[in-house]
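Have a look at final08.cif below; it lists mmCIF, C-alpha atoms and all ligand atoms.
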```
data_final
#
loop_
_atom_site.label_atom_id
_atom_site.label_comp_id
_atom_site.auth_asym_id
_atom_site.auth_seq_id
_atom_site.Cartn_x
_atom_site.Cartn_y
_atom_site.Cartn_z
CA MET O 1 -58.62 -59.47 44.39
CA ALA O 2 -55.29 -59.93 46.16
CA LEU O 3 -54.81 -63.53 45.11
CA GLN O 4 -53.26 -64.23 41.70
CA GLN O 5 -53.38 -67.84 40.59
CA SER O 6 -51.72 -69.49 37.60
CA ILE O 7 -52.00 -73.16 36.65
CA ASP O 8 -49.82 -72.88 33.51
CA LEU O 9 -47.03 -74.91 35.08
CA ALA O 10 -49.42 -77.76 35.86
CA LEU O 11 -50.26 -78.57 32.23
CA ASP O 12 -48.41 -81.12 30.12
CA SER O 13 -48.36 -78.69 27.20
CA ASN O 14 -45.99 -76.53 29.25
CA ILE O 15 -44.06 -78.99 31.41
CA GLY O 16 -44.13 -82.27 29.53
CA GLY O 17 -45.50 -85.72 30.26
CA GLY O 18 -45.67 -85.43 34.06
CA GLY O 19 -48.15 -82.57 33.75
CA LEU O 20 -51.91 -82.76 33.46
CA ALA O 21 -53.59 -83.03 30.09
CA GLN O 22 -55.88 -80.16 29.09
CA ALA O 23 -58.58 -82.75 28.31
CA ALA O 24 -58.35 -84.11 31.88
CA LEU O 25 -58.63 -80.60 33.27
CA ASP O 26 -61.62 -79.92 31.02
CA ASP O 27 -63.33 -83.06 32.32
CA ALA O 28 -62.66 -81.96 35.90
CA LEU O 29 -63.95 -78.47 35.10
CA GLY O 30 -67.17 -80.11 33.93
CA LEU O 31 -67.54 -81.91 37.26
CA VAL O 32 -66.71 -78.77 39.21
CA GLY O 33 -69.20 -76.82 37.09
CA GLU O 34 -71.89 -79.22 38.33
CA ALA O 35 -70.55 -78.80 41.87
CA MET O 36 -70.89 -75.03 41.46
CA LYS O 37 -74.57 -75.45 40.65
CA ARG O 38 -74.94 -77.36 43.90
CA LEU O 39 -73.06 -74.61 45.71
CA ALA O 40 -75.39 -72.00 44.23
CA GLU O 41 -78.35 -74.02 45.53
CA ASP O 42 -76.65 -74.24 48.94
CA ASP O 43 -76.33 -70.47 48.90
CA ALA O 44 -79.92 -69.82 47.83
CA SER O 45 -81.41 -72.29 50.31
CA GLY O 46 -79.23 -71.15 53.21
CA ARG O 47 -78.05 -74.75 53.65
CA LEU O 48 -74.42 -73.61 53.82
CA PRO O 49 -74.24 -70.59 56.14
CA LEU O 50 -70.48 -70.37 55.46
CA LEU O 51 -71.35 -68.86 52.08
CA HIS O 52 -73.12 -65.96 53.79
CA MET O 53 -70.41 -65.38 56.36
CA PRO O 54 -68.21 -63.08 54.23
CA ARG O 55 -70.99 -60.48 54.04
CA THR O 56 -72.17 -60.87 57.62
CA THR O 57 -71.44 -57.92 59.87
CA ASP O 58 -74.05 -58.08 62.63
CA ASP O 59 -71.91 -60.27 64.89
CA LEU O 60 -68.73 -58.20 64.68
CA ALA O 61 -69.62 -55.94 67.60
CA SER O 62 -70.14 -58.88 69.96
CA ILE O 63 -66.85 -60.46 68.83
CA ARG O 64 -65.02 -57.17 69.43
CA GLU O 65 -66.65 -56.80 72.83
CA ALA O 66 -65.59 -60.32 73.84
CA ALA O 67 -62.09 -59.63 72.52
CA ALA O 68 -61.90 -56.48 74.65
CA PHE O 69 -62.76 -58.60 77.69
CA LEU O 70 -59.90 -60.97 76.81
CA ARG O 71 -57.42 -58.14 76.28
CA ASP O 72 -58.38 -56.04 79.28
CA ASP O 73 -55.21 -55.75 81.42
CA ALA O 74 -54.17 -59.19 80.22
CA THR O 75 -50.58 -60.22 79.68
CA ASP O 76 -51.60 -63.55 78.16
CA VAL O 77 -54.57 -65.05 76.35
CA VAL O 78 -54.82 -68.83 76.25
CA VAL O 79 -57.03 -70.48 73.65
CA LEU O 80 -58.14 -74.01 74.53
CA GLY O 81 -59.52 -76.18 71.74
CA VAL O 82 -58.36 -78.56 69.06
CA GLY O 83 -58.55 -79.09 65.29
CA GLY O 84 -60.96 -76.72 63.62
CA SER O 85 -61.54 -74.97 66.93
CA SER O 86 -57.94 -73.79 66.98
CA LEU O 87 -56.20 -73.80 63.59
CA GLY O 88 -58.19 -70.94 62.06
CA GLY O 89 -57.40 -68.67 64.99
CA GLN O 90 -53.76 -69.68 64.81
CA THR O 91 -53.64 -68.90 61.11
CA LEU O 92 -54.99 -65.40 61.64
CA ALA O 93 -52.84 -64.81 64.73
CA GLN O 94 -49.74 -65.53 62.68
CA LEU O 95 -50.27 -62.20 60.95
CA LYS O 96 -49.31 -60.80 64.36
CA ASP O 97 -46.26 -63.08 64.62
CA TYR O 98 -47.88 -65.91 66.58
CA ALA O 99 -45.62 -68.97 66.20
CA VAL O 100 -43.22 -67.15 63.89
CA PRO O 101 -39.75 -68.52 64.63
CA GLY O 102 -37.69 -65.99 66.53
CA THR O 103 -40.16 -63.12 66.61
CA GLY O 104 -43.02 -64.96 68.33
CA ARG O 105 -41.29 -64.43 71.66
CA PHE O 106 -41.21 -60.65 71.29
CA THR O 107 -44.91 -60.10 70.55
CA GLU O 108 -46.70 -57.33 72.38
CA SER O 109 -49.22 -57.98 75.15
CA PRO O 110 -51.33 -59.88 75.24
CA ARG O 111 -49.24 -62.87 74.23
CA ILE O 112 -51.44 -65.54 72.74
CA HIS O 113 -51.11 -69.28 73.34
CA PHE O 114 -53.12 -71.86 71.42
CA LEU O 115 -52.98 -75.09 73.40
CA ASP O 116 -54.32 -77.48 70.80
CA ASN O 117 -52.23 -80.59 71.11
CA LEU O 118 -52.78 -82.42 74.37
CA ASP O 119 -49.39 -83.03 75.94
CA PRO O 120 -49.14 -83.41 79.71
CA ILE O 121 -45.64 -81.94 79.97
CA THR O 122 -46.49 -78.89 77.89
CA PHE O 123 -49.66 -78.29 79.85
CA ASP O 124 -47.90 -78.58 83.19
CA ARG O 125 -45.15 -76.18 82.11
CA VAL O 126 -47.53 -73.64 80.64
CA LEU O 127 -49.69 -73.61 83.75
CA HIS O 128 -46.63 -73.12 85.94
CA LYS O 129 -45.16 -70.34 83.81
CA LEU O 130 -48.31 -68.35 83.07
CA PRO O 131 -48.98 -65.34 85.26
CA LEU O 132 -52.41 -66.72 86.12
CA SER O 133 -53.65 -63.51 87.68
CA SER O 134 -53.27 -61.64 84.39
CA THR O 135 -54.17 -64.45 82.00
CA ARG O 136 -57.48 -64.82 80.21
CA PHE O 137 -58.75 -68.13 78.88
CA VAL O 138 -61.14 -69.03 76.11
CA ALA O 139 -62.34 -72.60 75.64
CA ILE O 140 -63.67 -73.37 72.16
CA SER O 141 -65.56 -76.51 71.20
CA LYS O 142 -68.48 -76.71 68.80
CA SER O 143 -69.76 -79.98 70.26
CA GLY O 144 -68.73 -79.15 73.81
CA GLY O 145 -67.74 -82.79 74.15
CA THR O 146 -64.15 -83.05 72.89
CA GLY O 147 -62.03 -84.84 75.49
CA GLU O 148 -58.86 -82.81 74.90
CA THR O 149 -60.64 -79.50 75.40
CA LEU O 150 -62.54 -80.71 78.43
CA MET O 151 -59.37 -81.95 80.14
CA GLN O 152 -57.62 -78.67 79.40
CA THR O 153 -60.51 -76.71 80.82
CA ILE O 154 -60.68 -78.80 83.98
CA ALA O 155 -56.90 -78.44 84.39
CA VAL O 156 -57.11 -74.65 84.11
CA LEU O 157 -60.01 -74.37 86.56
CA THR O 158 -58.05 -76.52 89.01
CA ALA O 159 -54.89 -74.44 88.56
CA LEU O 160 -56.83 -71.23 89.22
CA GLU O 161 -58.24 -72.75 92.37
CA LYS O 162 -54.82 -73.99 93.55
CA ALA O 163 -53.24 -70.61 92.87
CA GLY O 164 -55.71 -69.23 95.38
CA LEU O 165 -56.80 -66.58 92.94
CA ARG O 166 -59.70 -64.68 94.28
CA ALA O 167 -60.90 -63.96 90.79
CA HIS O 168 -63.95 -65.97 89.96
CA PRO O 169 -63.57 -67.95 86.69
CA LYS O 170 -66.19 -65.72 85.11
CA ASP O 171 -63.73 -62.84 85.31
CA VAL O 172 -61.02 -64.66 83.37
CA PHE O 173 -62.77 -67.22 81.19
CA LEU O 174 -64.93 -67.22 78.06
CA GLY O 175 -66.47 -70.16 76.24
CA VAL O 176 -67.47 -70.71 72.62
CA SER O 177 -69.80 -73.62 71.95
CA GLU O 178 -73.07 -74.48 70.26
CA PRO O 179 -76.21 -73.43 72.10
CA ARG O 180 -77.64 -76.22 74.22
CA LYS O 181 -79.88 -78.64 72.33
CA ASP O 182 -82.69 -80.54 73.99
CA GLY O 183 -81.55 -83.96 75.12
CA VAL O 184 -77.92 -83.41 74.08
CA LYS O 185 -75.19 -83.01 76.67
CA ASN O 186 -72.80 -80.10 76.29
CA ALA O 187 -70.04 -80.91 78.75
CA LEU O 188 -68.12 -77.66 78.19
CA ARG O 189 -71.16 -75.60 79.09
CA ASP O 190 -71.88 -77.95 82.01
CA LEU O 191 -68.36 -77.27 83.28
CA LEU O 192 -68.19 -73.53 82.86
CA GLU O 193 -71.70 -72.14 83.05
CA PRO O 194 -72.13 -72.98 86.78
CA GLU O 195 -69.00 -70.84 87.34
CA GLY O 196 -70.79 -67.94 85.68
CA VAL O 197 -68.60 -68.11 82.57
CA ARG O 198 -70.13 -66.36 79.58
CA PHE O 199 -70.46 -68.17 76.24
CA LEU O 200 -70.51 -67.00 72.67
CA ASP O 201 -72.63 -69.27 70.52
CA HIS O 202 -70.73 -71.37 67.99
CA HIS O 203 -72.56 -71.26 64.66
CA THR O 204 -74.60 -74.45 64.49
CA GLY O 205 -74.36 -74.68 60.70
CA ILE O 206 -70.60 -74.19 60.34
CA GLY O 207 -68.26 -77.03 61.29
CA GLY O 208 -64.90 -76.58 63.00
CA ARG O 209 -62.61 -76.60 59.98
CA TYR O 210 -64.85 -74.12 58.15
CA SER O 211 -65.23 -71.84 61.18
CA VAL O 212 -62.31 -69.45 60.73
CA LEU O 213 -64.59 -66.62 59.57
CA THR O 214 -66.91 -67.03 62.58
CA ASN O 215 -66.27 -66.04 66.18
CA VAL O 216 -64.03 -69.14 66.46
CA GLY O 217 -61.31 -67.58 64.32
CA LEU O 218 -62.21 -63.93 64.64
CA LEU O 219 -62.27 -63.78 68.46
CA PRO O 220 -58.55 -64.58 68.87
CA ALA O 221 -57.82 -62.35 65.86
CA ALA O 222 -59.69 -59.42 67.41
CA ALA O 223 -57.98 -60.03 70.76
CA LEU O 224 -54.71 -59.37 68.93
CA GLY O 225 -56.06 -56.19 67.37
CA LEU O 226 -56.52 -57.53 63.83
CA ASP O 227 -59.10 -55.95 61.53
CA ILE O 228 -61.75 -58.67 61.51
CA GLU O 229 -64.04 -56.81 59.14
CA ALA O 230 -61.24 -56.78 56.55
CA ILE O 231 -60.87 -60.56 56.94
CA ARG O 232 -64.52 -60.97 56.02
CA ARG O 233 -64.18 -58.48 53.14
CA GLY O 234 -61.32 -60.57 51.76
CA ALA O 235 -63.45 -63.70 52.02
CA ALA O 236 -66.16 -61.87 50.06
CA ASP O 237 -63.59 -61.17 47.33
CA ALA O 238 -62.97 -64.91 46.94
CA TYR O 239 -66.69 -65.62 46.75
CA GLU O 240 -67.52 -62.81 44.32
CA PRO O 241 -67.04 -64.84 41.09
CA PHE O 242 -69.51 -67.39 42.47
CA ARG O 243 -72.07 -64.71 43.25
CA ASN O 244 -71.60 -63.38 39.73
CA GLY O 245 -72.21 -66.78 38.14
CA ALA O 246 -68.71 -67.04 36.62
CA ALA O 247 -67.75 -70.17 34.69
CA ALA O 248 -65.63 -72.70 36.59
CA LYS O 249 -62.48 -71.81 34.67
CA ASP O 250 -62.92 -68.13 35.60
CA ALA O 251 -63.57 -68.61 39.33
CA PRO O 252 -60.13 -69.14 40.94
CA ALA O 253 -61.36 -71.50 43.69
CA ALA O 254 -63.28 -73.60 41.13
CA LEU O 255 -60.26 -73.79 38.85
CA GLY O 256 -58.17 -74.86 41.84
CA ALA O 257 -60.73 -77.54 42.69
CA ALA O 258 -60.69 -78.83 39.11
CA LEU O 259 -56.91 -78.95 39.14
CA ASN O 260 -56.96 -81.07 42.30
CA VAL O 261 -59.65 -83.37 40.91
CA ALA O 262 -57.76 -83.83 37.64
CA ALA O 263 -54.51 -84.47 39.55
CA ALA O 264 -56.18 -87.09 41.76
CA LYS O 265 -57.60 -88.85 38.70
CA ALA O 266 -54.18 -88.77 37.05
CA GLY O 267 -52.73 -90.67 40.02
CA LYS O 268 -51.17 -87.69 41.77
CA GLY O 269 -52.18 -88.84 45.23
CA ILE O 270 -50.36 -86.11 47.16
CA ALA O 271 -51.06 -82.39 47.25
CA VAL O 272 -48.22 -80.23 48.56
CA THR O 273 -48.71 -76.60 49.53
CA MET O 274 -45.42 -74.80 49.92
CA ALA O 275 -45.66 -71.21 51.18
CA TYR O 276 -42.70 -68.85 51.00
CA ALA O 277 -43.64 -66.88 54.13
CA ASP O 278 -43.30 -67.57 57.83
CA ARG O 279 -46.66 -65.90 58.31
CA LEU O 280 -48.35 -68.54 56.16
CA GLU O 281 -46.95 -71.55 58.01
CA ARG O 282 -50.06 -71.94 60.18
CA PHE O 283 -52.16 -71.43 57.05
CA THR O 284 -50.53 -74.51 55.51
CA ARG O 285 -51.39 -76.53 58.64
CA TRP O 286 -54.96 -75.20 58.64
CA TRP O 287 -55.28 -76.25 54.98
CA VAL O 288 -53.90 -79.73 55.72
CA GLN O 289 -56.67 -80.30 58.26
CA LEU O 290 -59.33 -78.76 56.01
CA TRP O 291 -58.37 -80.88 53.01
CA ALA O 292 -57.71 -84.13 54.90
CA GLU O 293 -60.90 -84.15 56.97
CA SER O 294 -63.05 -82.92 54.11
CA VAL O 295 -62.07 -85.08 51.15
CA GLY O 296 -60.44 -88.10 52.77
CA LYS O 297 -63.33 -90.54 52.88
CA ASP O 298 -64.93 -93.46 51.05
CA GLY O 299 -61.47 -94.49 49.82
CA LYS O 300 -61.08 -91.14 48.05
CA GLY O 301 -59.02 -88.01 48.56
CA THR O 302 -55.40 -86.98 48.25
CA GLN O 303 -52.79 -86.63 50.98
CA PRO O 304 -52.13 -82.99 51.90
CA VAL O 305 -48.58 -82.03 52.80
CA ALA O 306 -47.57 -78.68 54.29
CA ALA O 307 -44.22 -77.14 53.45
CA ILE O 308 -42.70 -73.71 53.77
CA GLY O 309 -39.95 -72.07 51.81
CA PRO O 310 -37.15 -71.65 51.57
CA VAL O 311 -36.44 -73.84 54.60
CA ASP O 312 -38.06 -76.99 53.21
CA GLN O 313 -35.89 -76.72 50.11
CA HIS O 314 -33.28 -78.04 52.51
CA SER O 315 -35.56 -80.80 53.72
CA GLN O 316 -38.11 -82.08 51.22
CA GLN O 317 -37.01 -80.67 47.87
CA GLN O 318 -34.87 -83.65 46.94
CA LEU O 319 -37.86 -85.98 47.14
CA TYR O 320 -40.17 -83.49 45.47
CA LEU O 321 -37.93 -83.20 42.42
CA ALA O 322 -36.44 -86.65 42.14
CA GLY O 323 -38.90 -88.92 43.98
CA PRO O 324 -42.10 -90.36 42.53
CA ASN O 325 -43.98 -87.95 40.28
CA ASP O 326 -47.17 -88.41 42.29
CA LYS O 327 -47.75 -84.87 43.59
CA LEU O 328 -49.52 -81.67 42.72
CA PHE O 329 -47.60 -78.67 44.02
CA THR O 330 -48.96 -75.30 45.05
CA VAL O 331 -46.26 -72.69 45.49
CA LEU O 332 -47.51 -69.68 47.43
CA THR O 333 -45.46 -66.50 47.32
CA THR O 334 -45.86 -62.99 48.69
CA GLY O 335 -44.42 -59.65 47.62
CA VAL O 336 -41.17 -59.77 49.54
CA ALA O 337 -38.79 -58.40 46.90
CA GLY O 338 -36.92 -55.39 48.28
CA LYS O 339 -37.85 -56.20 51.89
CA GLY O 340 -35.65 -57.01 54.87
CA PRO O 341 -31.98 -56.41 55.62
CA VAL O 342 -29.81 -55.18 52.72
CA MET O 343 -26.63 -57.14 52.01
CA ASN O 344 -23.46 -55.14 52.58
CA GLU O 345 -21.22 -55.09 49.51
CA GLY O 346 -17.90 -55.72 51.28
CA LEU O 347 -19.24 -58.55 53.37
CA SER O 348 -20.99 -60.10 50.38
CA LYS O 349 -17.69 -60.11 48.47
CA ARG O 350 -15.84 -61.54 51.46
CA ALA O 351 -18.40 -64.37 51.53
CA GLY O 352 -17.70 -64.97 47.85
CA GLN O 353 -21.24 -63.85 46.98
CA ALA O 354 -20.72 -60.60 45.08
CA ALA O 355 -24.21 -60.94 43.58
CA PHE O 356 -25.71 -60.49 47.06
CA ALA O 357 -24.41 -56.90 47.27
CA GLY O 358 -27.22 -54.39 47.60
CA LYS O 359 -29.85 -57.14 47.49
CA THR O 360 -32.26 -57.80 50.35
CA ILE O 361 -33.22 -61.02 52.08
CA GLY O 362 -36.64 -60.57 50.47
CA ASP O 363 -34.99 -60.40 47.03
CA LEU O 364 -33.50 -63.84 47.59
CA VAL O 365 -36.74 -65.30 48.96
CA ALA O 366 -38.67 -63.91 45.96
CA ALA O 367 -36.11 -65.41 43.60
CA GLN O 368 -36.29 -68.73 45.43
CA GLY O 369 -40.07 -68.98 45.24
CA ARG O 370 -39.98 -68.27 41.52
CA ALA O 371 -37.06 -70.64 40.97
CA MET O 372 -38.76 -73.41 42.93
CA ALA O 373 -41.91 -73.28 40.78
CA ASP O 374 -39.83 -73.20 37.59
CA THR O 375 -37.66 -76.07 38.80
CA PHE O 376 -40.75 -78.16 39.55
CA ALA O 377 -41.91 -77.40 36.01
CA LYS O 378 -38.52 -78.23 34.47
CA ASN O 379 -38.72 -81.59 36.23
CA SER O 380 -42.23 -82.10 34.85
CA ARG O 381 -43.88 -81.80 38.29
CA PRO O 382 -47.33 -80.15 37.98
CA THR O 383 -47.34 -76.87 39.84
CA ARG O 384 -49.87 -74.20 40.61
CA GLN O 385 -48.60 -70.75 41.57
CA ILE O 386 -50.46 -68.40 43.89
CA HIS O 387 -49.08 -64.94 44.57
CA ILE O 388 -50.26 -62.41 47.13
CA GLU O 389 -48.44 -59.12 46.91
CA THR O 390 -49.39 -57.80 50.36
CA LEU O 391 -50.26 -60.30 53.06
CA ASP O 392 -52.73 -58.48 55.29
CA GLU O 393 -56.11 -59.24 56.85
CA ARG O 394 -58.05 -58.83 53.62
CA ALA O 395 -55.66 -60.96 51.57
CA LEU O 396 -55.62 -63.69 54.21
CA GLY O 397 -59.44 -63.68 54.35
CA GLU O 398 -59.49 -64.16 50.58
CA LEU O 399 -56.96 -66.98 50.74
CA LEU O 400 -58.89 -68.78 53.49
CA MET O 401 -62.21 -68.52 51.65
CA HIS O 402 -60.55 -69.56 48.39
CA PHE O 403 -59.33 -72.77 49.97
CA MET O 404 -62.62 -73.50 51.75
CA LEU O 405 -64.50 -73.12 48.45
CA GLU O 406 -61.90 -75.16 46.61
CA THR O 407 -62.21 -77.94 49.17
CA ILE O 408 -66.02 -78.00 49.13
CA LEU O 409 -66.13 -78.05 45.34
CA ALA O 410 -63.46 -80.73 45.09
CA GLY O 411 -65.37 -82.81 47.64
CA TYR O 412 -68.62 -82.44 45.68
CA ALA O 413 -66.82 -83.26 42.42
CA MET O 414 -65.13 -86.32 43.96
CA GLY O 415 -68.48 -87.51 45.28
CA VAL O 416 -67.71 -87.24 49.00
CA ASP O 417 -69.40 -85.22 51.74
CA PRO O 418 -66.87 -82.47 52.56
CA PHE O 419 -68.58 -81.59 55.84
CA ASP O 420 -68.62 -84.72 57.96
CA GLN O 421 -65.73 -86.52 59.70
CA PRO O 422 -67.06 -89.94 60.71
CA ALA O 423 -63.58 -91.40 61.21
CA VAL O 424 -62.65 -88.64 63.69
CA GLU O 425 -65.80 -89.20 65.70
CA GLU O 426 -65.15 -92.95 65.77
CA ALA O 427 -61.71 -92.49 67.35
CA LYS O 428 -63.01 -89.87 69.83
CA ILE O 429 -65.62 -92.32 71.14
CA LEU O 430 -63.18 -95.22 71.36
CA ALA O 431 -60.56 -93.15 73.23
CA LYS O 432 -63.16 -92.28 75.87
CA GLU O 433 -64.00 -95.97 76.22
CA TYR O 434 -60.32 -96.88 76.70
CA LEU O 435 -59.86 -94.09 79.25
CA ALA O 436 -62.80 -95.38 81.25
CA GLN O 437 -61.37 -98.90 81.13
CA GLY O 438 -58.06 -97.58 82.51
O1 LIG C 1 -62.99 -79.59 61.84
C1 LIG C 1 -63.57 -80.31 62.62
O2 LIG C 1 -64.78 -80.51 62.55
C2 LIG C 1 -62.82 -80.96 63.75
O3 LIG C 1 -61.44 -80.82 63.57
C3 LIG C 1 -63.20 -80.31 65.07
O4 LIG C 1 -62.97 -78.94 64.98
C4 LIG C 1 -62.44 -80.90 66.23
O5 LIG C 1 -62.62 -82.29 66.28
C5 LIG C 1 -62.89 -80.27 67.54
O6 LIG C 1 -64.26 -80.44 67.70
P1 LIG C 1 -65.08 -79.52 68.68
O7 LIG C 1 -65.02 -78.13 68.15
O8 LIG C 1 -66.45 -80.08 68.70
O9 LIG C 1 -64.41 -79.63 70.02
#
```

Would you put the structure from the file into structure tokens?
Amino acid sequence: MALQQSIDLALDSNIGGGGLAQAALDDALGLVGEAMKRLAEDDASGRLPLLHMPRTTDDLASIREAAAFLRDDATDVVVLGVGGSSLGGQTLAQLKDYAVPGTGRFTESPRIHFLDNLDPITFDRVLHKLPLSSTRFVAISKSGGTGETLMQTIAVLTALEKAGLRAHPKDVFLGVSEPRKDGVKNALRDLLEPEGVRFLDHHTGIGGRYSVLTNVGLLPAAALGLDIEAIRRGAADAYEPFRNGAAAKDAPAALGAALNVAAAKAGKGIAVTMAYADRLERFTRWWVQLWAESVGKDGKGTQPVAAIGPVDQHSQQQLYLAGPNDKLFTVLTTGVAGKGPVMNEGLSKRAGQAAFAGKTIGDLVAAQGRAMADTFAKNSRPTRQIHIETLDERALGELLMHFMLETILAGYAMGVDPFDQPAVEEAKILAKEYLAQG
């Protein structure tokens, strides 16, 4: 297991009155224990195909084949889709520097673009700048009916037409959507299939925000050359304690769920995940969506907040340490000590920072992550620490599965359905009505 979790700094016995009482955690562990029984039934009955995904291998060849189509002589790959149809792919792509400040611009071909937010100016600019003749597109929508994705797709088809490209859309486009169901419209398929565009089937039993281990997340990952089998192996690592029937306190994702449930009951209405790694920034955004859409219902849930370190120490730390004590913190660190540029002795002295001499940037970041968790604790702010020594495909797969399991179990324990999103659907339908009204 790559993921090491400690909740010591969340307990009042270690950090004082602002922490969580062991008795409250024990109560939450009881609820999560019951939730684990439900999860085991989900696994046995096949009701939750996500639980079988880590050990699935029979779809990898088709994902790799589709990824090869996207990569073939391509300078750019554009992924159209929103929410759970995009954030998982983005999270994995960040291992290859996608959206990493500074380095993202220097990534090797194909460059990847996830156009998730719908912004007319961005879309115009991207379509004008892209070398359309060497760009491949993939449109991802489970329902096939999401307005943002449909507009993007129509805009791309129109741009291809206007550019007078002889290439037929089928040579540059792929789709991912659920198979057609009798009597149910799938607008994305209706748009692209008449053009001859090939579709990969979106898993019907796995919703968007839980789809990172399916072709939704793994296709963009494979297009960037990531080891998608290792991602699934890592996910299997996170699920292993559940397969082995471990007690809630011994299964890291269950313990994490209990911590969140206990924090919510203790009035900590905000959950902050602060990752000390540029390559986990998209992960924090993926988790925000996962947590918010899964547990925020029936008047329940806690507010997820994404932060990264050390930069947000210069942005949010003041509030975190001296504002209301209404948060549960998760500080995520990676093994960066000894990595990065080494500080020159003379220059360090000239800057009045003799202690920098011979140290690396990674040494400082490692010290900051540790100091941040300890400072939260000293200020009686409950804090969970997660450390991953080497952030690679397997470790990221484990982290993703850990948080999906944690979210499902917390949802079960809080008494909400972690899989639906009625409020999102409501707004989607209303927006279409307003658009039609002009
Ligand atoms: O996680 C979810 O279920 C949502 O965020 C969806 O992924 C999002 O609304 C997009 O839906 P679809 O994939 O049907 O286009």

Residues within 8 Å of Gly369 in chain O, all atoms listed in the file, excluding chain neighbours under 5 positions, as a count of residues only: 6

Residues within 8 Å of Arg55 in chain O, please, as a list in words. Count all atoms listed in the file; anything in the same chain fewer than 4 positions from it doesn't count.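 Those residues are Arg232, Arg233 and Ala236 of chain O.
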
Which residue, O:Gln90, O:Ser85, O:Thr75, O:Ser109, has the smallest gap to Ser134 in chain O when you use all atoms listed in the file?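 Checking each of O:Gln90, O:Ser85, O:Thr75, O:Ser109 against Ser134 in chain O, counting all atoms listed in the file, the winner is O:Thr75.
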
So that all listed atoms of ligand LIG 1 (chain C) fit with 4 Å spare on each side, what axis-aligned box centre and edge lengths in Å, to one decimal, would you give as AutoDock Vina command-line options?
```
--center_x -63.9 --center_y -80.2 --center_z 65.9 --size_x 13.0 --size_y 12.2 --size_z 16.2
```

Shell around Ala271 in chain O at 6 Å using only C-alpha atoms, local window under 6 positions removed, as a ChimeraX atom specification: /O:303-304,327-328

For each of O:Ala246, O:Asp27, O:Ala257, O:Gly438, take the minimum atom-to-atom distance to Arg384 in chain O, counting only C-alpha atoms, then give the residue where this is smallest. O:Ala257

Identify, on the basis of only C-alpha atoms, every residue whose closest approach to Lys300 in chain O does not exceed 10 Å; exclude the query and any residue fewer than 6 positions from it along the same chain; express the result as an MDAnalysis selection string. chainID O and resid 264 269 411 414:416

To one decimal place, how far is CA of Gly16 in chain O from CA of Trp287 in chain O in Å?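 Result for CA of Gly16 in chain O versus CA of Trp287 in chain O: 28.4 Å, one decimal.
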
Quick one: pull the distance between CA of Leu118 in chain O and CA of Ser211 in chain O, Å, one decimal. 21.0 Å

Env of Met274 in chain O: 10 Å cut, atoms = only C-alpha atoms, seq-sep filter 4 positions within chain, self excluded. Answer as a ChimeraX atom specification. /O:280-281,284,305-310,312-313,329-333,369,372-373,385

Interatomic distance, CA of Gly19 in chain O to CA of Pro382 in chain O (Å, one decimal): 4.9 Å

For ligand LIG 1 (chain C), which of O:Ser177, O:Gln152, O:Thr103, O:Thr146 is the closest residue, counting only C-alpha atoms and all ligand atoms?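 Once distances to ligand LIG 1 (chain C) are computed over only C-alpha atoms and all ligand atoms, the minimum belongs to O:Thr146.
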
With N, CA, C and O atoms retained, output range 297-303 of chain O as a short mmCIF file (atom, residue, chain, number, x, y, z; two decimals), in the first residue's frame.
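Output file part.cif follows:
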```
data_model
loop_
_atom_site.label_atom_id
_atom_site.label_comp_id
_atom_site.auth_asym_id
_atom_site.auth_seq_id
_atom_site.Cartn_x
_atom_site.Cartn_y
_atom_site.Cartn_z
N LYS O 297 -26.85 16.25 0.46
CA LYS O 297 -28.28 16.12 0.14
C LYS O 297 -29.09 15.90 1.41
O LYS O 297 -28.53 15.57 2.45
N ASP O 298 -30.38 16.11 1.30
CA ASP O 298 -31.29 15.95 2.45
C ASP O 298 -30.85 16.80 3.65
O ASP O 298 -30.98 16.39 4.81
N GLY O 299 -30.26 17.96 3.37
CA GLY O 299 -29.82 18.84 4.46
C GLY O 299 -28.57 18.35 5.16
O GLY O 299 -28.18 18.87 6.19
N LYS O 300 -27.92 17.31 4.59
CA LYS O 300 -26.73 16.76 5.23
C LYS O 300 -25.48 17.04 4.40
O LYS O 300 -25.56 17.59 3.30
N GLY O 301 -24.35 16.62 4.91
CA GLY O 301 -23.09 16.77 4.18
C GLY O 301 -22.21 17.84 4.77
O GLY O 301 -22.63 18.61 5.64
N THR O 302 -20.97 17.86 4.33
CA THR O 302 -20.04 18.92 4.74
C THR O 302 -19.48 19.56 3.48
O THR O 302 -19.49 18.95 2.40
N GLN O 303 -19.03 20.79 3.63
CA GLN O 303 -18.55 21.56 2.47
C GLN O 303 -17.10 21.21 2.15
O GLN O 303 -16.22 21.47 2.96
#
```
